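Structure file structure.cif (mmCIF, C-alpha atoms) is printed below.
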data_final
loop_
_atom_site.label_atom_id
_atom_site.label_comp_id
_atom_site.auth_asym_id
_atom_site.auth_seq_id
_atom_site.Cartn_x
_atom_site.Cartn_y
_atom_site.Cartn_z
CA MET Z 535 -0.84 -21.36 4.84
CA THR Z 536 2.83 -21.81 4.08
CA THR Z 537 6.19 -20.15 4.48
CA ALA Z 538 7.98 -18.33 1.71
CA ALA Z 539 11.75 -18.28 1.75
CA THR Z 540 13.38 -14.90 1.25
CA SER Z 541 15.11 -14.69 -2.11
CA SER Z 542 16.45 -12.16 -4.55
CA GLY Z 543 12.87 -11.71 -5.72
CA HIS Z 544 11.63 -10.43 -2.37
CA TRP Z 545 10.22 -6.90 -2.48
CA ALA Z 546 12.70 -5.73 0.15
CA SER Z 547 15.60 -6.44 -2.24
CA PHE Z 548 14.28 -3.76 -4.61
CA ASN Z 549 15.68 -0.50 -3.32
CA GLU Z 550 12.99 2.13 -3.81
CA VAL Z 551 15.33 4.80 -2.44
CA SER Z 552 17.28 4.70 -5.71
CA PHE Z 553 14.07 5.63 -7.52
CA VAL Z 554 13.23 8.59 -5.25
CA ALA Z 555 16.79 9.88 -4.83
CA GLY Z 556 16.18 12.83 -7.16
CA MET Z 557 12.71 13.71 -5.88
CA ARG Z 558 13.95 16.66 -3.80
CA LEU Z 559 15.20 18.38 -6.97
CA LEU Z 560 11.99 17.52 -8.81
CA PHE Z 561 9.96 18.85 -5.88
CA TRP Z 562 11.85 22.14 -6.14
CA ILE Z 563 11.14 22.29 -9.90
CA CYS Z 564 7.44 21.70 -9.26
CA ARG Z 565 7.31 24.27 -6.47
CA VAL Z 566 9.05 26.99 -8.51
CA PHE Z 567 7.88 26.30 -12.07
CA GLY Z 568 4.72 24.20 -11.71
CA ARG Z 569 3.68 20.62 -12.36
CA TRP Z 570 4.12 20.54 -16.14
CA PRO Z 571 7.83 21.53 -16.10
CA PHE Z 572 8.17 18.91 -13.38
CA ARG Z 573 6.64 16.32 -15.68
CA VAL Z 574 9.00 17.21 -18.56
CA VAL Z 575 12.03 16.57 -16.35
CA LEU Z 576 10.37 13.56 -14.75
CA TYR Z 577 9.73 11.74 -18.01
CA LEU Z 578 13.34 12.21 -19.11
CA VAL Z 579 14.49 10.67 -15.81
CA LEU Z 580 11.89 7.91 -16.09
CA LEU Z 581 12.92 7.04 -19.62
CA TRP Z 582 16.50 6.52 -18.44
CA TYR Z 583 15.31 4.54 -15.40
CA VAL Z 584 13.01 2.22 -17.34
CA LEU Z 585 15.60 1.58 -20.05
CA SER Z 586 18.41 0.92 -17.56
CA LYS Z 587 16.44 -1.26 -15.09
CA PRO Z 588 15.34 -4.39 -16.99
CA ARG Z 589 14.08 -6.23 -13.91
CA ALA Z 590 11.82 -3.36 -12.81
CA ARG Z 591 10.64 -2.96 -16.40
CA ARG Z 592 9.92 -6.68 -16.69
CA VAL Z 593 7.84 -6.98 -13.51
CA SER Z 594 5.86 -3.83 -14.32
CA ARG Z 595 5.03 -5.17 -17.77
CA ALA Z 596 4.08 -8.59 -16.37
CA TYR Z 597 1.67 -6.98 -13.89
CA LEU Z 598 0.13 -4.74 -16.57
CA GLN Z 599 -0.31 -7.76 -18.85
CA ARG Z 600 -2.17 -9.61 -16.09
CA ALA Z 601 -4.37 -6.59 -15.42
CA ALA Z 602 -5.19 -6.25 -19.12
CA ALA Z 603 -6.01 -9.97 -19.40
CA CYS Z 604 -8.48 -9.59 -16.51
CA GLY Z 605 -10.30 -6.70 -18.17
CA GLY Z 606 -8.44 -3.70 -16.81
CA ALA Z 607 -7.57 -0.73 -19.02
CA ALA Z 608 -3.86 -1.49 -18.76
CA ASP Z 609 -1.19 -0.89 -21.40
CA ALA Z 610 1.75 -3.32 -21.19
CA SER Z 611 3.83 -1.58 -23.89
CA LEU Z 612 7.03 0.29 -23.08
CA LEU Z 613 4.97 3.48 -22.98
CA GLY Z 614 2.56 1.81 -20.57
CA VAL Z 615 5.43 0.78 -18.31
CA LEU Z 616 6.77 4.33 -18.44
CA ARG Z 617 3.35 5.65 -17.40
CA HIS Z 618 3.23 3.10 -14.56
CA PHE Z 619 6.48 4.46 -13.12
CA ALA Z 620 5.31 8.02 -13.80
CA ALA Z 621 2.21 7.37 -11.68
CA PHE Z 622 4.50 6.16 -8.89
CA ALA Z 623 6.67 9.27 -9.15
CA GLU Z 624 3.65 11.58 -9.15
CA THR Z 625 2.40 9.81 -6.02
CA ILE Z 626 5.73 10.48 -4.33
CA LEU Z 627 5.47 14.13 -5.35
CA ASP Z 628 1.92 14.28 -3.96
CA LYS Z 629 3.18 12.94 -0.63
CA MET Z 630 5.76 15.70 -0.50
CA LEU Z 631 3.18 18.33 -1.45
CA LEU Z 632 0.82 17.01 1.21
CA TRP Z 633 3.35 17.32 4.00
CA GLY Z 634 4.64 20.61 2.60
CA GLY Z 635 1.11 22.05 2.85
CA LEU Z 636 0.83 22.52 -0.94
CA PHE Z 637 -1.68 19.79 -1.83
CA ASP Z 638 -5.33 20.70 -2.39
CA THR Z 639 -7.16 18.10 -0.26
CA SER Z 640 -10.51 19.33 -1.63
CA THR Z 641 -9.74 17.22 -4.72
CA VAL Z 642 -9.96 14.07 -2.59
CA SER Z 643 -13.26 12.25 -2.15
CA LEU Z 644 -14.17 9.58 0.40
CA HIS Z 645 -16.19 6.53 -0.59
CA GLY Z 646 -17.41 3.19 0.73
CA ALA Z 647 -19.85 1.55 3.11
CA GLY Z 648 -17.08 1.41 5.71
CA LEU Z 649 -17.38 5.14 6.39
CA ASP Z 650 -20.50 4.65 8.51
CA GLY Z 651 -18.78 1.98 10.58
CA ILE Z 652 -15.75 4.17 11.15
CA GLU Z 653 -18.01 7.02 12.24
CA ARG Z 654 -19.69 4.68 14.74
CA CYS Z 655 -16.32 3.63 16.11
CA LEU Z 656 -15.33 7.27 16.55
CA ASP Z 657 -18.61 8.14 18.24
CA GLU Z 658 -18.21 5.18 20.62
CA GLY Z 659 -14.50 5.79 21.26
CA ARG Z 660 -13.54 2.44 19.74
CA GLY Z 661 -10.49 1.72 17.63
CA ALA Z 662 -10.26 -0.43 14.51
CA LEU Z 663 -7.80 -2.08 12.13
CA LEU Z 664 -7.47 -0.77 8.56
CA ILE Z 665 -5.87 -3.12 6.03
CA CYS Z 666 -4.46 -1.08 3.16
CA ALA Z 667 -2.51 -1.76 -0.04
CA HIS Z 668 0.36 -0.24 -2.02
CA LEU Z 669 -2.27 1.36 -4.20
CA GLY Z 670 -2.27 5.09 -4.79
CA ASN Z 671 -1.27 7.49 -2.03
CA LEU Z 672 -1.80 6.17 1.49
CA GLU Z 673 -0.67 9.52 2.90
CA LEU Z 674 -4.08 10.88 1.94
CA CYS Z 675 -5.80 8.97 4.73
CA ARG Z 676 -3.41 10.43 7.31
CA VAL Z 677 -3.88 14.01 6.16
CA LEU Z 678 -7.63 13.56 5.74
CA SER Z 679 -7.83 12.32 9.31
CA ARG Z 680 -7.72 16.00 10.23
CA ARG Z 681 -11.18 16.39 8.71
CA ARG Z 682 -12.64 14.25 11.48
CA ALA Z 683 -11.92 15.23 15.05
CA GLY Z 684 -10.75 12.31 17.15
CA LEU Z 685 -9.48 10.16 14.28
CA LYS Z 686 -5.95 9.06 15.17
CA LEU Z 687 -4.00 6.75 12.85
CA THR Z 688 -0.92 4.64 13.49
CA VAL Z 689 0.55 3.36 10.24
CA LEU Z 690 2.76 0.26 10.44
CA VAL Z 691 5.66 0.56 8.01
CA HIS Z 692 8.85 -1.25 7.16
CA THR Z 693 11.23 1.60 6.39
CA ARG Z 694 14.55 -0.17 5.81
CA HIS Z 695 14.47 1.17 2.23
CA ALA Z 696 12.29 4.20 2.92
CA GLN Z 697 14.29 5.98 5.61
CA SER Z 698 15.71 8.56 3.20
CA PHE Z 699 12.26 9.42 1.90
CA ASN Z 700 10.79 9.57 5.40
CA ARG Z 701 13.59 11.94 6.48
CA MET Z 702 12.72 14.09 3.46
CA LEU Z 703 9.06 14.21 4.57
CA ALA Z 704 10.16 15.08 8.09
CA ARG Z 705 12.07 18.12 6.76
CA LEU Z 706 8.92 19.30 4.98
CA ASN Z 707 6.73 18.74 8.03
CA PRO Z 708 7.87 17.14 11.32
CA ASP Z 709 4.29 15.87 11.85
CA SER Z 710 4.80 13.44 8.94
CA GLN Z 711 6.60 11.07 11.33
CA LEU Z 712 4.29 11.27 14.32
CA ASN Z 713 1.99 8.38 13.39
CA LEU Z 714 4.47 6.03 11.72
CA LEU Z 715 5.46 2.86 13.60
CA GLN Z 716 8.37 0.91 12.16
CA VAL Z 717 7.71 -2.83 12.39
CA THR Z 718 9.93 -5.46 10.78
CA GLU Z 719 8.11 -8.35 12.45
CA MET Z 720 5.11 -8.59 14.74
CA THR Z 721 6.34 -9.37 18.26
CA PRO Z 722 4.18 -9.85 21.38
CA ALA Z 723 5.41 -6.48 22.65
CA THR Z 724 4.31 -4.79 19.41
CA ALA Z 725 0.92 -6.52 19.58
CA MET Z 726 0.44 -5.29 23.15
CA LEU Z 727 1.34 -1.73 22.14
CA LEU Z 728 -1.15 -1.82 19.28
CA ALA Z 729 -3.83 -3.32 21.52
CA GLU Z 730 -3.38 -0.36 23.86
CA LYS Z 731 -3.75 2.08 20.98
CA VAL Z 732 -6.95 0.41 19.76
CA ALA Z 733 -8.33 0.34 23.31
CA GLN Z 734 -7.76 4.10 23.41
CA GLY Z 735 -9.81 4.54 20.23
CA GLU Z 736 -6.97 4.76 17.71
CA PHE Z 737 -6.94 3.19 14.24
CA VAL Z 738 -4.06 0.93 13.20
CA VAL Z 739 -3.18 0.72 9.49
CA ILE Z 740 -1.31 -2.30 8.07
CA ALA Z 741 -0.58 -3.32 4.47
CA GLY Z 742 -2.06 -6.58 3.21
CA ASP Z 743 -0.17 -6.92 -0.08
CA ARG Z 744 3.49 -7.46 0.83
CA VAL Z 745 5.11 -10.56 2.27
CA PRO Z 746 6.86 -9.79 5.59
CA VAL Z 747 10.61 -9.30 5.74
CA SER Z 748 11.68 -12.40 7.66
CA PRO Z 749 13.57 -15.61 6.81
CA GLN Z 750 10.38 -17.69 6.62
CA PRO Z 751 7.34 -15.41 6.41
CA ARG Z 752 3.96 -17.05 6.85
CA VAL Z 753 1.62 -16.52 3.93
CA ALA Z 754 -1.63 -17.73 2.41
CA LEU Z 755 -2.09 -18.15 -1.32
CA ALA Z 756 -5.03 -16.53 -3.08
CA PRO Z 757 -6.02 -16.02 -6.73
CA PHE Z 758 -5.06 -12.54 -7.88
CA LEU Z 759 -5.23 -11.28 -11.47
CA GLY Z 760 -5.48 -14.77 -12.89
CA ALA Z 761 -2.84 -16.64 -10.87
CA PRO Z 762 -2.11 -17.65 -7.26
CA ALA Z 763 -0.11 -15.11 -5.25
CA ALA Z 764 1.26 -15.10 -1.71
CA PHE Z 765 -0.39 -12.72 0.75
CA PRO Z 766 0.71 -12.10 4.35
CA ILE Z 767 -1.45 -13.50 7.14
CA GLY Z 768 -0.13 -10.96 9.65
CA PRO Z 769 -3.05 -8.51 9.30
CA TYR Z 770 -5.58 -11.22 10.15
CA VAL Z 771 -3.57 -12.63 13.03
CA LEU Z 772 -3.25 -9.09 14.38
CA ALA Z 773 -7.00 -8.55 13.97
CA SER Z 774 -7.71 -11.69 15.99
CA VAL Z 775 -5.47 -10.35 18.77
CA LEU Z 776 -6.94 -6.84 18.75
CA GLN Z 777 -10.56 -8.07 18.63
CA CYS Z 778 -11.79 -4.93 16.91
CA PRO Z 779 -13.63 -4.09 13.68
CA VAL Z 780 -11.60 -4.54 10.49
CA TYR Z 781 -11.92 -2.34 7.40
CA LEU Z 782 -10.17 -2.26 4.04
CA LEU Z 783 -8.59 0.98 2.83
CA PHE Z 784 -7.80 1.68 -0.81
CA SER Z 785 -6.53 4.94 -2.32
CA MET Z 786 -6.11 5.84 -5.97
CA ARG Z 787 -5.72 8.78 -8.33
CA LEU Z 788 -8.23 8.96 -11.19
CA GLY Z 789 -7.46 11.82 -13.55
CA GLN Z 790 -7.14 15.04 -11.58
CA ARG Z 791 -8.93 13.70 -8.51
CA SER Z 792 -8.07 11.20 -5.82
CA GLU Z 793 -10.34 8.70 -4.07
CA VAL Z 794 -10.07 6.98 -0.72
CA HIS Z 795 -12.30 3.93 -0.24
CA PHE Z 796 -13.23 2.44 3.15
CA GLU Z 797 -14.85 -0.99 3.01
CA PRO Z 798 -16.19 -3.13 5.87
CA PHE Z 799 -14.30 -6.42 6.13
CA ARG Z 800 -15.10 -8.12 9.45
CA GLU Z 801 -16.87 -6.78 12.55
CA SER Z 802 -14.50 -8.92 14.60
CA LEU Z 803 -12.20 -11.77 13.80
CA HIS Z 804 -11.58 -15.03 15.67
CA LEU Z 805 -9.24 -17.74 14.40
CA PRO Z 806 -10.36 -21.16 15.69
CA ARG Z 807 -7.47 -23.55 16.21
CA LYS Z 808 -8.87 -26.40 14.09
CA ALA Z 809 -9.93 -24.29 11.11
CA ARG Z 810 -7.20 -21.65 11.41
CA GLU Z 811 -5.47 -22.25 8.08
CA THR Z 812 -8.76 -22.51 6.22
CA MET Z 813 -9.97 -19.21 7.64
CA LEU Z 814 -6.67 -17.45 6.97
CA ALA Z 815 -6.84 -18.56 3.35
CA GLU Z 816 -10.43 -17.35 3.11
CA LEU Z 817 -9.52 -13.96 4.55
CA ALA Z 818 -6.55 -13.55 2.19
CA GLY Z 819 -8.81 -14.53 -0.70
CA ASP Z 820 -11.44 -11.95 0.23
CA TYR Z 821 -8.78 -9.25 0.52
CA ALA Z 822 -7.18 -10.24 -2.80
CA ALA Z 823 -10.55 -10.04 -4.55
CA ARG Z 824 -11.09 -6.45 -3.39
CA LEU Z 825 -7.52 -5.48 -4.24
CA GLN Z 826 -8.02 -6.90 -7.74
CA HIS Z 827 -11.23 -4.90 -8.13
CA HIS Z 828 -9.47 -1.62 -7.41
CA CYS Z 829 -6.36 -2.53 -9.42
CA LEU Z 830 -8.56 -3.08 -12.46
CA ARG Z 831 -10.18 0.33 -11.90
CA ALA Z 832 -6.79 2.06 -11.77
CA PRO Z 833 -4.09 -0.35 -13.05
CA ARG Z 834 -1.25 2.19 -12.96
CA GLU Z 835 -1.86 2.96 -9.28
CA TRP Z 836 -0.54 -0.33 -7.81
CA PHE Z 837 3.12 0.10 -6.89
CA ASN Z 838 4.63 -3.32 -6.17
CA PHE Z 839 7.62 -3.34 -8.49
CA TYR Z 840 8.70 -6.94 -7.96
CA ASP Z 841 7.49 -10.38 -9.03
CA PHE Z 842 4.38 -10.57 -6.89
CA TRP Z 843 3.47 -14.00 -8.29
CA GLN Z 844 6.76 -15.68 -7.36
CA LEU Z 845 5.42 -18.57 -5.29
CA PRO Z 846 7.21 -20.45 -2.51
CA ALA Z 847 8.48 -23.88 -3.45
CA THR Z 848 6.88 -25.53 -0.42
CA SER Z 849 3.36 -26.92 -0.20
CA ARG Z 850 0.68 -24.27 -0.26
CA LEU Z 851 -2.96 -23.78 0.62
CA ASP Z 852 -5.30 -22.53 -2.12
CA THR Z 853 -8.24 -20.34 -1.12
CA SER Z 854 -10.46 -22.04 -3.68
CA ASP Z 855 -10.07 -25.28 -1.67
CA ALA Z 856 -10.62 -23.47 1.61
CA SER Z 857 -13.91 -21.97 0.49
CA ARG Z 858 -15.54 -25.33 -0.26
#
Serialized structure, structure tokens:
Amino acid sequence: MTTAATSSGHWASFNEVSFVAGMRLLFWICRVFGRWPFRVVLYLVLLWYVLSKPRARRVSRAYLQRAAACGGAADASLLGVLRHFAAFAETILDKMLLWGGLFDTSTVSLHGAGLDGIERCLDEGRGALLICAHLGNLELCRVLSRRRAGLKLTVLVHTRHAQSFNRMLARLNPDSQLNLLQVTEMTPATAMLLAEKVAQGEFVVIAGDRVPVSPQPRVALAPFLGAPAAFPIGPYVLASVLQCPVYLLFSMRLGQRSEVHFEPFRESLHLPRKARETMLAELAGDYAARLQHHCLRAPREWFNFYDFWQLPATSRLDTSDASR
């Protein structure tokens, strides 16, 4: 485990609002004329964006190159980068359609051995922790929660750059905000609030693939797409506090259909004081391996448009050492 100093390469310094600023107009085009006219306008906007944003273009291409080198069907050409951003834009549109009541949820399928465990938790009135990723459309899990009575989700988000988009969702459907909890850092008060929610049978959702926004975030390094990358330890520390089952949640669009995968991760999680760093590294490594698996299945669906492999300059713990 180590700390990573905040720098200009931190994901929070990449303002996603600038990318979604025109989505309201595009949503109107899609609603009035259909998805293909939307795509025509979208690709013109994307072409300008990709050509005028060299840093975003560079990190997208670097990620796609890593995915291709690891066996994924990824295209790292300029056209491939354009398609990567197009997938991101279509995901944003899908979020708006979901909360506007215009998305056909019958095109979404649920997968994974974790589904049985989640059903057991619901039957027993127990809560759980879901560790997700910036892969595909996470909004699907919140809308699909309506398919199962009693499933309540609280999604932890950092919305410093997403407030405009969240306000847009709220205009489409006020319920889009009801299960969002803004968290910049995990405080004891936040942990207590989440513990209460889990005790009441709710499910807490937290991302496992972005370093926290703090001066010295605590991370563990794990191999990911051929090189070490920093992953937050917050989800695992939170799991040890909540003492509840932990599942992984991955969403992706494949062709005209979308998939949501639930995978069992740990039935419960305890971090012993002496082996704490070793276990945190092991947990981050296990998560990174599953994230890589799904990224290789759908390379264009991972939306971290910053240098994910920018490592801290301080000493670091490698999961390959921890697993020995």
Carefully work through the PyMOL selection byres ((chain Z and resi 816-832) around 9) for this structure and note down the residues it includes, as a VMD selection string.
-> chain Z and resid 601 to 602 604 to 608 665 667 669 to 670 742 to 743 753 to 759 763 to 767 770 782 784 to 788 799 811 to 815 833 to 836 852 to 854 856 to 857
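Separating atom CA of Asn707 of chain Z from atom CA of Arg744 of chain Z is a distance of 27.4 Å.
With all atoms listed in the file as the atoms that count, the residue of Z:Leu685, Z:Leu706, Z:Leu803, Z:Leu613 with the shortest distance to Trp633 of chain Z is Z:Leu706.
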Correct to one decimal, the distance atom CA of Pro779 of chain Z-atom CA of Val732 of chain Z is 10.1 Å
Atom CA of Phe561 of chain Z and atom CA of Val615 of chain Z are how many Å apart?
-> 22.4 Å
For segment 820-831 of chain Z, which lacks atoms in the input, supply all heavy atoms and format the output as a tab-separated table (two decimals), in the frame of the given file.
chain	number	residue	atom	x	y	z
Z	820	ASP	N	-10.49	-13.07	0.26
Z	820	ASP	CA	-11.44	-11.95	0.23
Z	820	ASP	C	-10.71	-10.62	0.02
Z	820	ASP	O	-11.16	-9.75	-0.74
Z	820	ASP	CB	-12.23	-11.90	1.53
Z	820	ASP	CG	-13.22	-13.06	1.65
Z	820	ASP	OD1	-13.45	-13.76	0.65
Z	820	ASP	OD2	-13.75	-13.25	2.76
Z	821	TYR	N	-9.57	-10.47	0.69
Z	821	TYR	CA	-8.78	-9.25	0.52
Z	821	TYR	C	-8.27	-9.15	-0.92
Z	821	TYR	O	-8.35	-8.08	-1.55
Z	821	TYR	CB	-7.62	-9.23	1.49
Z	821	TYR	CG	-6.61	-8.14	1.22
Z	821	TYR	CD1	-6.79	-6.85	1.69
Z	821	TYR	CD2	-5.46	-8.40	0.44
Z	821	TYR	CE1	-5.87	-5.84	1.42
Z	821	TYR	CE2	-4.55	-7.41	0.17
Z	821	TYR	CZ	-4.75	-6.13	0.66
Z	821	TYR	OH	-3.85	-5.14	0.37
Z	822	ALA	N	-7.74	-10.25	-1.45
Z	822	ALA	CA	-7.18	-10.24	-2.80
Z	822	ALA	C	-8.25	-9.89	-3.84
Z	822	ALA	O	-7.96	-9.20	-4.83
Z	822	ALA	CB	-6.56	-11.61	-3.12
Z	823	ALA	N	-9.47	-10.34	-3.61
Z	823	ALA	CA	-10.55	-10.04	-4.55
Z	823	ALA	C	-10.85	-8.54	-4.58
Z	823	ALA	O	-11.07	-7.96	-5.65
Z	823	ALA	CB	-11.81	-10.82	-4.17
Z	824	ARG	N	-10.85	-7.89	-3.42
Z	824	ARG	CA	-11.09	-6.45	-3.39
Z	824	ARG	C	-9.91	-5.67	-3.95
Z	824	ARG	O	-10.09	-4.65	-4.63
Z	824	ARG	CB	-11.39	-6.00	-1.94
Z	824	ARG	CG	-12.64	-6.61	-1.36
Z	824	ARG	CD	-13.83	-6.45	-2.29
Z	824	ARG	NE	-14.09	-5.04	-2.56
Z	824	ARG	CZ	-14.77	-4.62	-3.62
Z	824	ARG	NH1	-15.20	-5.48	-4.54
Z	824	ARG	NH2	-14.98	-3.32	-3.81
Z	825	LEU	N	-8.69	-6.13	-3.67
Z	825	LEU	CA	-7.52	-5.48	-4.24
Z	825	LEU	C	-7.56	-5.58	-5.77
Z	825	LEU	O	-7.28	-4.60	-6.47
Z	825	LEU	CB	-6.24	-6.13	-3.70
Z	825	LEU	CG	-4.92	-5.62	-4.29
Z	825	LEU	CD1	-4.74	-4.13	-4.02
Z	825	LEU	CD2	-3.74	-6.41	-3.73
Z	826	GLN	N	-7.93	-6.73	-6.29
Z	826	GLN	CA	-8.02	-6.90	-7.74
Z	826	GLN	C	-9.06	-5.94	-8.32
Z	826	GLN	O	-8.83	-5.32	-9.37
Z	826	GLN	CB	-8.38	-8.34	-8.09
Z	826	GLN	CG	-8.63	-8.55	-9.58
Z	826	GLN	CD	-8.76	-10.01	-9.95
Z	826	GLN	OE1	-7.93	-10.82	-9.58
Z	826	GLN	NE2	-9.81	-10.34	-10.68
Z	827	HIS	N	-10.19	-5.81	-7.65
Z	827	HIS	CA	-11.23	-4.90	-8.13
Z	827	HIS	C	-10.69	-3.49	-8.32
Z	827	HIS	O	-10.93	-2.84	-9.35
Z	827	HIS	CB	-12.39	-4.90	-7.13
Z	827	HIS	CG	-13.40	-3.80	-7.36
Z	827	HIS	ND1	-14.37	-3.87	-8.33
Z	827	HIS	CD2	-13.56	-2.59	-6.74
Z	827	HIS	CE1	-15.10	-2.77	-8.31
Z	827	HIS	NE2	-14.64	-1.98	-7.36
Z	828	HIS	N	-9.97	-2.99	-7.34
Z	828	HIS	CA	-9.47	-1.62	-7.41
Z	828	HIS	C	-8.28	-1.51	-8.37
Z	828	HIS	O	-8.11	-0.47	-9.02
Z	828	HIS	CB	-9.11	-1.13	-6.02
Z	828	HIS	CG	-10.30	-0.89	-5.15
Z	828	HIS	ND1	-11.19	0.14	-5.36
Z	828	HIS	CD2	-10.77	-1.57	-4.06
Z	828	HIS	CE1	-12.15	0.11	-4.45
Z	828	HIS	NE2	-11.92	-0.91	-3.66
Z	829	CYS	N	-7.46	-2.55	-8.45
Z	829	CYS	CA	-6.36	-2.53	-9.42
Z	829	CYS	C	-6.88	-2.45	-10.85
Z	829	CYS	O	-6.28	-1.78	-11.70
Z	829	CYS	CB	-5.48	-3.77	-9.25
Z	829	CYS	SG	-4.35	-3.72	-7.85
Z	830	LEU	N	-7.99	-3.12	-11.12
Z	830	LEU	CA	-8.56	-3.08	-12.46
Z	830	LEU	C	-9.19	-1.72	-12.76
Z	830	LEU	O	-9.26	-1.30	-13.91
Z	830	LEU	CB	-9.59	-4.20	-12.64
Z	830	LEU	CG	-9.02	-5.62	-12.60
Z	830	LEU	CD1	-10.12	-6.66	-12.77
Z	830	LEU	CD2	-7.94	-5.81	-13.67
Z	831	ARG	N	-9.65	-1.02	-11.71
Z	831	ARG	CA	-10.18	0.33	-11.90
Z	831	ARG	C	-9.06	1.32	-12.22
Z	831	ARG	O	-9.25	2.24	-13.02
Z	831	ARG	CB	-10.92	0.79	-10.65
Z	831	ARG	CG	-12.24	0.10	-10.38
Z	831	ARG	CD	-12.98	0.77	-9.24
Z	831	ARG	NE	-13.39	2.12	-9.59
Z	831	ARG	CZ	-13.14	3.20	-8.86
Z	831	ARG	NH1	-12.42	3.11	-7.74
Z	831	ARG	NH2	-13.57	4.40	-9.23
